[in-house]
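Here is the structure we will look at, set down as structure tokens.
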Number of protein chains: 6
Amino acid sequence: MINVDKNITLGKLAVLSVMYSGEDESALQKKGRELGYRLYKGKVGSMDSSKIFAAVETAAKKEGLIDQRYREEHALYHSVLEAYSGMCRGQGGLGSILRSAGLLFCIVRGSKIPGGDGDGEWIAVALYGNMGAPIKGYEHEVLGMGMNPI
Amino acid sequence: MINVDKNITLGKLAVLSVMYSGEDESALQKKGRELGYRLYKGKVGSMDSSKIFAAVETAAKKEGLIDQRYREEHALYHSVLEAYSGMCRGQGGLGSILRSAGLLFCIVRGSKIPGGDGDGEWIAVALYGNMGAPIKGYEHEVLGMGMNPI
Amino acid sequence: MINVDKNITLGKLAVLSVMYSGEDESALQKKGRELGYRLYKGKVGSMDSSKIFAAVETAAKKEGLIDQRYREEHALYHSVLEAYSGMCRGQGGLGSILRSAGLLFCIVRGSKIPGGDGDGEWIAVALYGNMGAPIKGYEHEVLGMGMNPI
Amino acid sequence: MINVDKNITLGKLAVLSVMYSGEDESALQKKGRELGYRLYKGKVGSMDSSKIFAAVETAAKKEGLIDQRYREEHALYHSVLEAYSGMCRGQGGLGSILRSAGLLFCIVRGSKIPGGDGDGEWIAVALYGNMGAPIKGYEHEVLGMGMNPI
Amino acid sequence: MINVDKNITLGKLAVLSVMYSGEDESALQKKGRELGYRLYKGKVGSMDSSKIFAAVETAAKKEGLIDQRYREEHALYHSVLEAYSGMCRGQGGLGSILRSAGLLFCIVRGSKIPGGDGDGEWIAVALYGNMGAPIKGYEHEVLGMGMNPI
Amino acid sequence: MINVDKNITLGKLAVLSVMYSGEDESALQKKGRELGYRLYKGKVGSMDSSKIFAAVETAAKKEGLIDQRYREEHALYHSVLEAYSGMCRGQGGLGSILRSAGLLFCIVRGSKIPGGDGDGEWIAVALYGNMGAPIKGYEHEVLGMGMNPI
């Protein structure tokens with residue numbers, strides 16, 4: 001078993017959550033919540049990049065991970081944009097350059113390290129899945145992660 | 001314990017290796033090697049982005065993860081470039097825009113899924129660590145991953 | 001009152017025009033025209049970035065700020081592209097990354113400084129307004145300016 | 001005289017401050033401070049882009065515009081990066097692509113509109129000056145502006 | 001006549017093929033095939049960048065220049081992406097920034113130099129034509145070329 | 001022999017000149033000059049991208065391809081920047097990302113088509129050579145071309 005007390009940090013929690021499944025995922029998320037983190041995992045697949053932004057923002061609002069103020073939406077938006085840019089590895093675009101993405105996403109809100117470090121809350125977004133031609137099997141793994149103060 | 005037989009894929013192995021430490025890291029790498037993957041983990045920290053490329057390439061050559069042909073160096077180089085671009089999240093540069101990175105890297109060579117899928121070998125590079133101002137503590141987690149056929 | 005004789009330059013005239021309103025805007029544009037500049041201010045709002053280019057080019061042609069030659073359209077186009085890129089601050093795209101822009105634009109044609117400096121005419125484009133989520137109020141100010149010889 | 005009560009907003013205050021000089025600059029900054037904004041204007045010129053970041057950050061810390069927490073430095077850093085990217089209009093780099101910049105910068109901290117709008121404080125950075133070949137006179141005006149919640 | 005034995009290399013063959021027409025084109029392609037290269041030339045015009053990718057990939061599959069494995073499609077895809085990025089010269093996008101492209105493309109598969117150099121086969125893609133406003137005549141020449149091991 | 005009367009255009013002349021050598025190069029340049037074009041070919045190799053800009057600009061000034069006005073230097077500069085960006089295929093940087101370039105360059109000044117088309121003079125820059133690791137032989141061909149009105 002992973003010693004999540006010693007190892008867990010905000011970005012790592014988002015990335016491991018998005019990569020784990022089944023029991024490992026439940027155990028990790030349970031531990032994360034015990035440490036004070038709020039998190040949500042969902043999925044989105046599209047050739048239209050705006051759908052990735054819409055899916056993450058909708059989930060964040062529905063789950064109460066951000067409140068009504070624009071400054072909170074701005075922090076989340078920029079974390080999605082960073083994760084999306086990271087996943088695209090220097091070449092932005094999905095359908096416009098004839099590629100598609102099937103992704104899992106995880107949003108985590110909390111301090112950069114468990115118990116806090118005097119630096120308030122941050123929000124991290126991790127995107128993980130496959131990107132490739134719009135033909136089944138013609139794809140490989142991609143991953144991006146971004147975080148901002150909130 | 002994570003059921004690595006069911007869950008392990010090339011990119012995931014690189015990312016989990018770079019994020020784990022201690023016993024979790026040893027167990028994962030052992031399982032990865034049993035599944036036929038070759039891998040190496042190292043570290044690099046700098047304000048000079050070229051040092052990241054140099055560290056990964058030097059390690060890959062020393063560990064025999066790539067051979068002498070330019071096509072192999074080209075595949076590795078582009079995997080590092082993708083991971084570096086991913087980590088920079090759309091805004092390239094370290095020292096040129098007054099930021100620094102302290103990173104761990106992991107190189108993995110093998111098929112996209114264990115046992116192969118008729119698509120030959122690929123090489124993945126994951127970079128994980130902290131990026132921020134060149135002042136201790138003024139940083140946050142970053143992560144990038146790239147992979148190419150080799 | 002601003003001493004526009006002393007302070008006015010091509011780029012500054014475009015940016016101040018796009019930011020002023022009411023009497024300040026009229027006084028500034030009057031002064032600009034007295035100094036030999038030709039200018040036009042309009043507005044455009046969209047999630048479709050191509051509409052920004054279309055609006056500025058249409059206005060420029062209608063107002064006679066560029067003639068029929070491709071070299072003049074090329075100079076204007078690249079000034080719009082620079083202003084658009086500047087406004088996007090390193091991350092291109094509007095609707096494709098789920099954001100919208102409501103803008104004012106100003107085109108100015110003339111020498112880089114009033115009275116000329118032996119370097120012929122240049123054309124500047126300034127874009128100013130708000131960019132954000134396609135939800136009222138969820139936005140902040142943005143600004144971009146580009147100029148090219150014509 | 002400009003009716004700054006009606007017209008002033010965070011981004012506009014930063015841009016007008018960086019473009020005005022003499023009495024206009026003093027009057028505007030006085031009005032801005034009366035409205036609750038904190039601001040500072042300075043200058044930097046270099047072929048080394050990192051010097052722009054260093055100059056703005058040093059001034060912000062010295063003037064108490066940001067406090068000791070990393071989240072405040074992060075907000076400022078990203079506002080400088082946005083203004084720098086905006087000024088570079090899609091093509092990053094100064095000395096690396098043989099160009100130089102002589103700039104004035106202005107940092108403003110306060111609410112997006114005077115009196116606040118329930119969205120807390122934001123920090124804006126405007127960069128304005130000339131960019132061109134490292135030869136006197138071979139340059140033209142450039143401008144960039146970025147803002148983030150703080 | 002050009003002494004193609006002495007001068008021909010993979011990238012050069014793709015670029016010259018896409019630029020030549022009539023007898024020069026036939027003679028060059030005949031010489032290229034004698035040297036062991038496989039090649040195909042086609043055309044595509046659009047404001048939709050994805051159509052460029054679709055046209056080149058469709059032709060490559062139909063002409064048997066790539067086989068069924070994803071690693072071959074990946075090599076071709078990245079060569080098209082490099083040629084497209086090269087042609088766009090740092091500013092991606094066609095219709096999204098109100099410009100259109102009328103292009104000829106050439107795909108060449110073979111060793112980097114005739115007779116091989118121990119570095120296996122590579123695949124090069126060259127795009128050449130005109131890019132500009134969606135108005136006849138308002139355009140200028142553009143060219144991009146990318147190559148990857150396959 | 002290539003029928004250069006029928007086929008020659010500004011961008012094509014720059015690219016063919018930079019790719020040809022020996023008698024083919026002399027014959028093409030002679031024909032180009034007969035058609036009214038002014039051109040120069042030189043070489044530059046470096047890990048420092050600014051040296052490419054310096055080499056082309058120095059040659060252009062020395063050969064009288066541009067005059068003293070900033071608008072002419074600006075047109076040339078942007079043509080070099082476009083060619084450099086094109087050659088880098090979406091990922092800027094040489095030494096900063098541990099790669100090196102050994103290049104030939106060609107500058108051509110004249111109308112877009114021989115005899116003119118009412119659109120004045122344009123200036124084109126083509127860069128062609130090899131880019132790769134700073135190790136002999138570890139490289140492949142690259143090419144970029146940009147043009148602007150002058």
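By convention here, the chains of the structure tokens are called A, B, ... in the order presented, each chain's residues are numbered starting at 1, and ligands are numbered starting at 1 in the order presented.
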Q) Can you list, as a list in words, every residue of region 17-127 of chain F that DSSP puts in strand (DSSP E or B)? A)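 Residues of region 17-127 of chain F classed as strand (DSSP E or B): Arg38, Leu39, Tyr40, Lys41, Gly42, Lys43, Val44, Gly45, Ser46, Ser100, Ala101, Gly102, Leu103, Leu104, Phe105, Cys106, Ile107, Val108, Arg109, Gly110, Trp122, Ile123, Ala124, Val125, Ala126 and Leu127 of chain F.
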Write a file of the selected residues as a PDB file, in the first residue's frame, keeping C-alpha atoms.
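See out.pdb below for the written result:
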```pdb
ATOM      1  CA  ARG F  38      18.288  40.947 -56.614  1.00  0.00           C
ATOM      2  CA  LEU F  39      19.593  38.102 -54.517  1.00  0.00           C
ATOM      3  CA  TYR F  40      22.342  36.891 -52.199  1.00  0.00           C
ATOM      4  CA  LYS F  41      23.228  33.498 -50.743  1.00  0.00           C
ATOM      5  CA  GLY F  42      25.316  32.894 -47.645  1.00  0.00           C
ATOM      6  CA  LYS F  43      25.744  30.499 -44.754  1.00  0.00           C
ATOM      7  CA  VAL F  44      25.527  30.404 -40.942  1.00  0.00           C
ATOM      8  CA  GLY F  45      25.773  27.689 -38.333  1.00  0.00           C
ATOM      9  CA  SER F  46      25.124  28.011 -34.623  1.00  0.00           C
ATOM     10  CA  SER F 100      22.095  23.113 -33.416  1.00  0.00           C
ATOM     11  CA  ALA F 101      21.612  24.270 -37.020  1.00  0.00           C
ATOM     12  CA  GLY F 102      24.006  24.417 -39.972  1.00  0.00           C
ATOM     13  CA  LEU F 103      22.305  26.491 -42.645  1.00  0.00           C
ATOM     14  CA  LEU F 104      22.487  28.138 -46.033  1.00  0.00           C
ATOM     15  CA  PHE F 105      20.349  31.248 -46.495  1.00  0.00           C
ATOM     16  CA  CYS F 106      19.120  33.135 -49.526  1.00  0.00           C
ATOM     17  CA  ILE F 107      17.631  36.639 -49.632  1.00  0.00           C
ATOM     18  CA  VAL F 108      15.674  37.698 -52.737  1.00  0.00           C
ATOM     19  CA  ARG F 109      14.180  41.101 -53.449  1.00  0.00           C
ATOM     20  CA  GLY F 110      11.707  41.772 -56.262  1.00  0.00           C
ATOM     21  CA  TRP F 122       8.668  42.036 -51.619  1.00  0.00           C
ATOM     22  CA  ILE F 123      11.633  40.502 -49.809  1.00  0.00           C
ATOM     23  CA  ALA F 124      11.897  36.753 -49.242  1.00  0.00           C
ATOM     24  CA  VAL F 125      14.289  34.814 -47.006  1.00  0.00           C
ATOM     25  CA  ALA F 126      14.829  31.052 -47.247  1.00  0.00           C
ATOM     26  CA  LEU F 127      16.804  29.006 -44.691  1.00  0.00           C
TER      27      LEU F 127
END
```
Determine, using only C-alpha atoms, which residues of chain B have any atom at most 12 Å from an atom of chain C, and tabulate each with its shortest atom pair and distance in Å to one decimal place, rows ordered by chain and then rising number, as a tab-separated table.
```
residue	atom	partner	partner_atom	distance
B:Arg89	CA	C:Gln91	CA	10.0
B:Gly90	CA	C:Gln91	CA	7.1
B:Gln91	CA	C:Gly90	CA	7.0
B:Gly92	CA	C:Gly90	CA	10.0
```
Q | Proximity to Asp117 (chain D) - best of C:Tyr138, C:Ala14, C:Glu25, C:Leu65, only C-alpha atoms | A |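 Counting only C-alpha atoms, the residue closest to Asp117 (chain D) is C:Tyr138.
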(Q) I want to know what sits within 7 Å of Tyr84 (chain E), based on only C-alpha atoms, with residues of the same chain fewer than 4 positions away left out; could you give that as number ranges by chain? (A) E: 80, 88, 144
Quick one: residues within 9 Å of Pro114 (chain A), only C-alpha atoms, excluding same-chain residues fewer than 6 positions away - as a compact mmCIF listing (two decimals) with N, CA, C and O atoms, in the first residue's frame?
```
# COMPACT_ATOMS: atom_id res chain seq x y z
N ASP A 5 0.12 9.42 3.43
CA ASP A 5 0.36 10.52 4.36
C ASP A 5 1.67 11.20 4.03
O ASP A 5 1.77 12.42 4.00
N ILE A 8 1.66 12.41 -0.30
CA ILE A 8 0.64 13.13 -1.04
C ILE A 8 0.87 14.64 -1.06
O ILE A 8 1.21 15.26 -0.06
N THR A 9 0.74 15.20 -2.25
CA THR A 9 0.75 16.64 -2.45
C THR A 9 -0.36 16.92 -3.45
O THR A 9 -0.88 15.99 -4.08
N LEU A 10 -0.73 18.17 -3.62
CA LEU A 10 -1.90 18.53 -4.43
C LEU A 10 -1.83 18.00 -5.86
O LEU A 10 -2.76 17.33 -6.33
N GLY A 32 -7.23 11.10 0.50
CA GLY A 32 -7.14 12.51 0.15
C GLY A 32 -8.17 13.34 0.91
O GLY A 32 -7.86 14.41 1.43
N LEU A 35 -7.32 13.90 4.41
CA LEU A 35 -6.27 14.92 4.57
C LEU A 35 -6.80 16.34 4.32
O LEU A 35 -6.03 17.29 4.38
N GLY A 36 -8.10 16.45 3.99
CA GLY A 36 -8.69 17.78 3.83
C GLY A 36 -8.89 18.24 2.40
O GLY A 36 -9.34 19.35 2.15
N TYR A 37 -8.55 17.37 1.43
CA TYR A 37 -8.73 17.75 0.03
C TYR A 37 -10.16 17.49 -0.42
O TYR A 37 -10.80 16.55 0.02
```
Q) Quick one: DSSP alpha helix (DSSP H) residues in chain A, as a PyMOL selection string? A) chain A and resi 4-7+10-19+22-34+49-62+70-88
